[in-house]
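Trainee: Here's a structure for you.
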Amino acid sequence: RLAAGASAGAPASASGLWPDPGGYARLVGQLDRSGDHRLERLSVHDVYRLDEAGLTWTLSVRAVLRAAGDDIDRVVCVHRTGLADPGSPGGPGDPGDCAASGLAAARYCRPGRIRAGGGLVAFELVFDRVLAAGDTAVVEYDLGPVTVPEGAGAPGLYDRRFPQPVQHYVAVVQFDGERLPARCYGFTAETADGPRNRLGELWVGTSGSANLAVANVRRGIVGLEWEWH
C-alpha cells in the first residue's frame with residue numbers, strides 16, 4: 001500500500017504529484033471534473049513501449065471504473081508527454097486535436113475536451129452511457145508515438161501519478177528490438193520531488209518486457225526505472 005498526505009489547502013489532485021502544480025491546475029481546470037471524486041478506480045493497466053532506439057514511446061491504457069454516485073458521464077486523464085504546447089486544442093472529438101496532443105485513440109468511450117501545455121496533456125473521456133451508482137465502465141486509450149526532444153537522451157523511467165486511490169495497478173514496459181536495459185527496478189514515491197523507494201529489481205524477460213503489479217494504492221507515484229549500461 002502506498003500512501004501520501006496532501007498539503008493543507010492544496011487541491012488533492014495536484015499537491016506534490018506534479019513538478020508544476022499551478023500549471024497542472026490551470027490545465028485540468030478547463031475540463032469537467034465534477035464526477036471524478038465519485039468514480040472508484042478498480043484497476044489501471046498501462047503498457048509503455050519504447051522503440052529500438054529508445055527515443056520514441058507509445059502508451060496504451062485500460063482503466064476499469066465504478067460509479068459511486070449517479071449521473072457520471074466522463075473521466076479526466078492527465079499524462080506527461082514532453083510535447084510542446086500545440087495551442088488550445090479541445091474541440092470535442094476532433095481527431096486532429098487528438099493527434100496534436102498525443103491522444104491517438106480511444107475505445108469504449110470518446111474524447112471530450114483536450115488541453116495540452118507545459119509537457120502535459122489532459123483530456124476527458126466520455127463514457128458510452130451515463131453511469132448510475134454501482135455501474136462500471138471500461139475505457140481504453142493510446143498516446144503517441146511521442147519522440148523524445150533532441151538532446152534529452154533515452155527515457156530512463158515510466159511512472160503514473162495517483163491523485164485518487166486505485167485497487168489494482170499493473171505497469172508493463174516493453175523494450176522493442178535487441179537493445180535491453182542492464183537493470184530494471186520498480187519504485188514508489190510520495191511526491192514528484194521526493195525520494196524514490198525502490199521495490200526491488202524486475203526481470204526483463206525474453207519478450208523484452210518488465211512488469212510491476214501493486215495493490216491498494218492510496219495516493220502517490222508508482223513506476224519503473226531502468227539503467228541502459
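By convention in this document, the chains of the C-alpha cells carry letters A, B, ... by their order, each chain's residues are numbered from 1, and ligands are numbered from 1 in the order they are shown.
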Please provide as an MDAnalysis selection string all residues within 8 Å of range 165-175 of chain A, with the sequence filter that same-chain residues fewer than 6 positions apart are discarded (counting only C-alpha atoms).
Mentor: chainID A and resid 40:52 54 158 207:219 223:224
Trainee: Write the selection just made, keeping N, CA, C and O atoms, as a compact mmCIF listing (two decimals), in the first residue's frame?
Mentor:
```txt
# COMPACT_ATOMS: atom_id res chain seq x y z
N GLU A 40 -14.77 5.33 -8.57
CA GLU A 40 -13.79 4.44 -7.94
C GLU A 40 -12.94 3.82 -9.03
O GLU A 40 -13.46 3.32 -10.03
N ARG A 41 -11.62 3.85 -8.84
CA ARG A 41 -10.70 3.22 -9.79
C ARG A 41 -10.46 1.77 -9.35
O ARG A 41 -9.75 1.52 -8.39
N LEU A 42 -11.10 0.83 -10.05
CA LEU A 42 -10.93 -0.57 -9.69
C LEU A 42 -9.59 -1.11 -10.17
O LEU A 42 -8.91 -1.84 -9.46
N SER A 43 -9.20 -0.75 -11.40
CA SER A 43 -7.90 -1.20 -11.90
C SER A 43 -7.44 -0.26 -13.00
O SER A 43 -8.25 0.33 -13.71
N VAL A 44 -6.12 -0.16 -13.12
CA VAL A 44 -5.48 0.58 -14.20
C VAL A 44 -4.35 -0.29 -14.73
O VAL A 44 -3.55 -0.83 -13.95
N HIS A 45 -4.27 -0.44 -16.04
CA HIS A 45 -3.25 -1.27 -16.67
C HIS A 45 -2.58 -0.45 -17.75
O HIS A 45 -3.21 -0.03 -18.72
N ASP A 46 -1.29 -0.18 -17.58
CA ASP A 46 -0.50 0.59 -18.53
C ASP A 46 0.47 -0.32 -19.28
O ASP A 46 1.11 -1.18 -18.67
N VAL A 47 0.61 -0.10 -20.59
CA VAL A 47 1.66 -0.73 -21.38
C VAL A 47 2.43 0.39 -22.08
O VAL A 47 1.89 1.06 -22.96
N TYR A 48 3.67 0.58 -21.65
CA TYR A 48 4.54 1.64 -22.16
C TYR A 48 5.59 0.98 -23.06
O TYR A 48 6.31 0.09 -22.62
N ARG A 49 5.66 1.41 -24.32
CA ARG A 49 6.55 0.78 -25.30
C ARG A 49 7.59 1.78 -25.77
O ARG A 49 7.26 2.90 -26.16
N LEU A 50 8.85 1.33 -25.76
CA LEU A 50 9.96 2.11 -26.29
C LEU A 50 10.44 1.46 -27.58
O LEU A 50 10.58 0.24 -27.65
N ASP A 51 10.72 2.28 -28.60
CA ASP A 51 11.21 1.72 -29.85
C ASP A 51 12.65 1.25 -29.68
O ASP A 51 13.27 1.41 -28.62
N GLU A 52 13.19 0.65 -30.74
CA GLU A 52 14.52 0.03 -30.64
C GLU A 52 15.60 1.04 -30.28
O GLU A 52 16.55 0.72 -29.56
N GLY A 54 15.09 3.54 -28.40
CA GLY A 54 14.81 4.03 -27.05
C GLY A 54 14.46 5.50 -27.01
O GLY A 54 14.55 6.12 -25.95
N TYR A 158 9.35 5.15 -16.38
CA TYR A 158 7.94 5.43 -16.65
C TYR A 158 7.22 5.39 -15.31
O TYR A 158 7.43 4.46 -14.52
N SER A 207 10.66 -11.71 -23.76
CA SER A 207 9.78 -10.85 -24.56
C SER A 207 10.28 -9.41 -24.62
O SER A 207 9.72 -8.59 -25.34
N GLY A 208 11.33 -9.12 -23.85
CA GLY A 208 11.84 -7.77 -23.80
C GLY A 208 10.99 -6.84 -22.95
O GLY A 208 11.01 -5.62 -23.14
N SER A 209 10.27 -7.39 -21.99
CA SER A 209 9.38 -6.59 -21.17
C SER A 209 9.62 -6.85 -19.69
O SER A 209 10.11 -7.91 -19.29
N ALA A 210 9.24 -5.86 -18.88
CA ALA A 210 9.25 -5.99 -17.43
C ALA A 210 7.91 -5.49 -16.93
O ALA A 210 7.27 -4.64 -17.56
N ASN A 211 7.46 -6.03 -15.80
CA ASN A 211 6.15 -5.61 -15.29
C ASN A 211 6.19 -5.43 -13.79
O ASN A 211 7.03 -5.99 -13.08
N LEU A 212 5.25 -4.62 -13.32
CA LEU A 212 5.10 -4.32 -11.90
C LEU A 212 3.62 -4.32 -11.57
O LEU A 212 2.82 -3.72 -12.30
N ALA A 213 3.22 -4.99 -10.50
CA ALA A 213 1.83 -5.01 -10.05
C ALA A 213 1.78 -4.55 -8.60
O ALA A 213 2.54 -5.04 -7.76
N VAL A 214 0.89 -3.61 -8.33
CA VAL A 214 0.75 -3.04 -6.98
C VAL A 214 -0.73 -3.00 -6.63
O VAL A 214 -1.56 -2.64 -7.48
N ALA A 215 -1.07 -3.36 -5.40
CA ALA A 215 -2.46 -3.34 -4.95
C ALA A 215 -2.68 -2.23 -3.93
O ALA A 215 -1.77 -1.84 -3.20
N ASN A 216 -3.90 -1.72 -3.91
CA ASN A 216 -4.35 -0.76 -2.90
C ASN A 216 -3.46 0.49 -2.82
O ASN A 216 -2.95 0.84 -1.77
N VAL A 217 -3.30 1.13 -3.97
CA VAL A 217 -2.57 2.40 -3.99
C VAL A 217 -3.52 3.49 -3.49
O VAL A 217 -4.58 3.70 -4.08
N ARG A 218 -3.14 4.17 -2.44
CA ARG A 218 -4.00 5.24 -1.93
C ARG A 218 -3.75 6.54 -2.66
O ARG A 218 -4.67 7.21 -3.08
N ARG A 219 -2.48 6.92 -2.76
CA ARG A 219 -2.12 8.16 -3.42
C ARG A 219 -0.61 8.19 -3.56
O ARG A 219 0.10 7.70 -2.69
N GLY A 223 6.11 3.50 -10.39
CA GLY A 223 6.71 3.40 -11.71
C GLY A 223 7.81 2.38 -11.81
O GLY A 223 8.10 1.63 -10.86
N LEU A 224 8.43 2.35 -12.98
CA LEU A 224 9.59 1.52 -13.26
C LEU A 224 10.71 2.42 -13.75
O LEU A 224 10.48 3.40 -14.48
```
Trainee: Would you mind listing what lies within 12 Å of Trp18 in chain A as an MDAnalysis selection string, with only C-alpha atoms counted and same-chain residues fewer than 2 positions away left out?
Mentor: chainID A and resid 11:16 20:25 78:80 118:120 159:163 189:194 220:221
Trainee: Could you take the residues named above and write them with N, CA, C and O atoms, as a compact mmCIF listing (two decimals), in the first residue's frame?
Mentor:
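Generated file (part-v8.txt):
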```
# COMPACT_ATOMS: atom_id res chain seq x y z
N PRO A 11 -5.18 21.52 -3.70
CA PRO A 11 -6.07 20.53 -4.30
C PRO A 11 -5.44 19.14 -4.22
O PRO A 11 -4.28 18.95 -4.55
N ALA A 12 -6.23 18.17 -3.79
CA ALA A 12 -5.69 16.81 -3.62
C ALA A 12 -5.14 16.27 -4.92
O ALA A 12 -4.21 15.47 -4.93
N SER A 13 -5.71 16.71 -6.06
CA SER A 13 -5.29 16.15 -7.34
C SER A 13 -3.95 16.70 -7.80
O SER A 13 -3.35 16.16 -8.70
N ALA A 14 -3.48 17.81 -7.21
CA ALA A 14 -2.27 18.44 -7.71
C ALA A 14 -1.14 18.44 -6.69
O ALA A 14 0.03 18.45 -7.06
N SER A 15 -1.47 18.43 -5.41
CA SER A 15 -0.47 18.65 -4.39
C SER A 15 0.64 17.61 -4.41
O SER A 15 0.41 16.42 -4.19
N GLY A 16 1.85 18.05 -4.74
CA GLY A 16 3.03 17.21 -4.64
C GLY A 16 3.25 16.23 -5.77
O GLY A 16 4.34 15.68 -5.88
N ASP A 20 4.91 21.16 -11.52
CA ASP A 20 4.31 22.49 -11.58
C ASP A 20 2.83 22.39 -11.23
O ASP A 20 1.98 22.34 -12.14
N PRO A 21 2.48 22.34 -9.95
CA PRO A 21 1.07 22.19 -9.57
C PRO A 21 0.18 23.29 -10.11
O PRO A 21 -0.98 23.04 -10.47
N GLY A 22 0.71 24.51 -10.21
CA GLY A 22 -0.08 25.60 -10.74
C GLY A 22 -0.44 25.39 -12.20
O GLY A 22 -1.59 25.60 -12.61
N GLY A 23 0.55 24.97 -13.00
CA GLY A 23 0.29 24.69 -14.40
C GLY A 23 -0.68 23.54 -14.58
O GLY A 23 -1.55 23.57 -15.45
N TYR A 24 -0.52 22.52 -13.75
CA TYR A 24 -1.44 21.39 -13.77
C TYR A 24 -2.86 21.85 -13.48
O TYR A 24 -3.81 21.49 -14.18
N ALA A 25 -3.01 22.67 -12.44
CA ALA A 25 -4.34 23.12 -12.04
C ALA A 25 -4.99 23.96 -13.14
O ALA A 25 -6.20 23.84 -13.39
N VAL A 78 -4.73 12.59 -17.14
CA VAL A 78 -3.60 13.52 -17.31
C VAL A 78 -2.32 12.70 -17.45
O VAL A 78 -2.09 11.76 -16.69
N HIS A 79 -1.48 13.08 -18.43
CA HIS A 79 -0.21 12.39 -18.65
C HIS A 79 0.87 13.40 -19.01
O HIS A 79 0.59 14.45 -19.60
N ARG A 80 2.09 13.05 -18.68
CA ARG A 80 3.25 13.81 -19.16
C ARG A 80 3.60 13.32 -20.56
O ARG A 80 3.64 12.12 -20.80
N GLY A 118 2.87 22.79 -21.24
CA GLY A 118 3.81 22.54 -20.16
C GLY A 118 4.26 21.09 -20.08
O GLY A 118 4.60 20.61 -18.99
N GLY A 119 4.27 20.38 -21.23
CA GLY A 119 4.68 18.98 -21.22
C GLY A 119 3.63 18.03 -20.72
O GLY A 119 3.90 16.85 -20.50
N LEU A 120 2.37 18.51 -20.54
CA LEU A 120 1.28 17.66 -20.07
C LEU A 120 0.17 17.64 -21.11
O LEU A 120 0.00 18.59 -21.88
N ASP A 159 6.39 6.38 -15.05
CA ASP A 159 5.62 6.36 -13.80
C ASP A 159 4.22 6.86 -14.03
O ASP A 159 3.91 7.48 -15.04
N ARG A 160 3.36 6.56 -13.06
CA ARG A 160 1.99 7.07 -13.07
C ARG A 160 1.73 7.78 -11.75
O ARG A 160 2.11 7.27 -10.68
N ARG A 161 1.04 8.92 -11.82
CA ARG A 161 0.70 9.68 -10.63
C ARG A 161 -0.75 9.38 -10.24
O ARG A 161 -1.63 9.43 -11.09
N PHE A 162 -0.97 9.09 -8.97
CA PHE A 162 -2.28 8.70 -8.47
C PHE A 162 -2.83 9.74 -7.49
O PHE A 162 -2.52 9.69 -6.31
N PRO A 163 -3.67 10.66 -7.97
CA PRO A 163 -4.33 11.57 -7.04
C PRO A 163 -5.49 10.91 -6.31
O PRO A 163 -5.90 11.36 -5.24
N ALA A 189 6.97 6.66 -4.88
CA ALA A 189 7.36 7.95 -4.31
C ALA A 189 6.10 8.64 -3.83
O ALA A 189 5.00 8.43 -4.38
N GLU A 190 6.24 9.45 -2.80
CA GLU A 190 5.08 10.16 -2.28
C GLU A 190 4.83 11.46 -3.03
O GLU A 190 3.69 11.90 -3.16
N THR A 191 5.90 12.10 -3.53
CA THR A 191 5.77 13.36 -4.24
C THR A 191 6.71 13.36 -5.43
O THR A 191 7.64 12.54 -5.51
N ALA A 192 6.50 14.32 -6.34
CA ALA A 192 7.31 14.39 -7.56
C ALA A 192 8.76 14.68 -7.25
O ALA A 192 9.66 14.21 -7.95
N ASP A 193 9.03 15.48 -6.22
CA ASP A 193 10.41 15.83 -5.89
C ASP A 193 10.93 15.07 -4.67
O ASP A 193 12.01 15.37 -4.16
N GLY A 194 10.19 14.07 -4.22
CA GLY A 194 10.61 13.30 -3.06
C GLY A 194 11.46 12.11 -3.45
O GLY A 194 11.62 11.79 -4.63
N GLY A 220 -0.10 8.77 -4.64
CA GLY A 220 1.34 8.86 -4.81
C GLY A 220 1.77 8.50 -6.22
O GLY A 220 0.99 8.62 -7.16
N ILE A 221 3.02 8.06 -6.36
CA ILE A 221 3.62 7.78 -7.66
C ILE A 221 4.14 6.35 -7.66
O ILE A 221 4.80 5.93 -6.71
```
Trainee: How far is it from CA of Tyr108 in chain A to CA of Leu27 in chain A, in Å with one decimal?
Mentor: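 Result for CA of Tyr108 in chain A versus CA of Leu27 in chain A: 24.5 Å, one decimal.
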Trainee: Could you list, as a PyMOL selection string, every residue within 12 Å of Asp70 in chain A, counting only C-alpha atoms and ignoring same-chain residues fewer than 2 positions away?
Mentor: chain A and resi 34-39+66-68+72-74+129-136
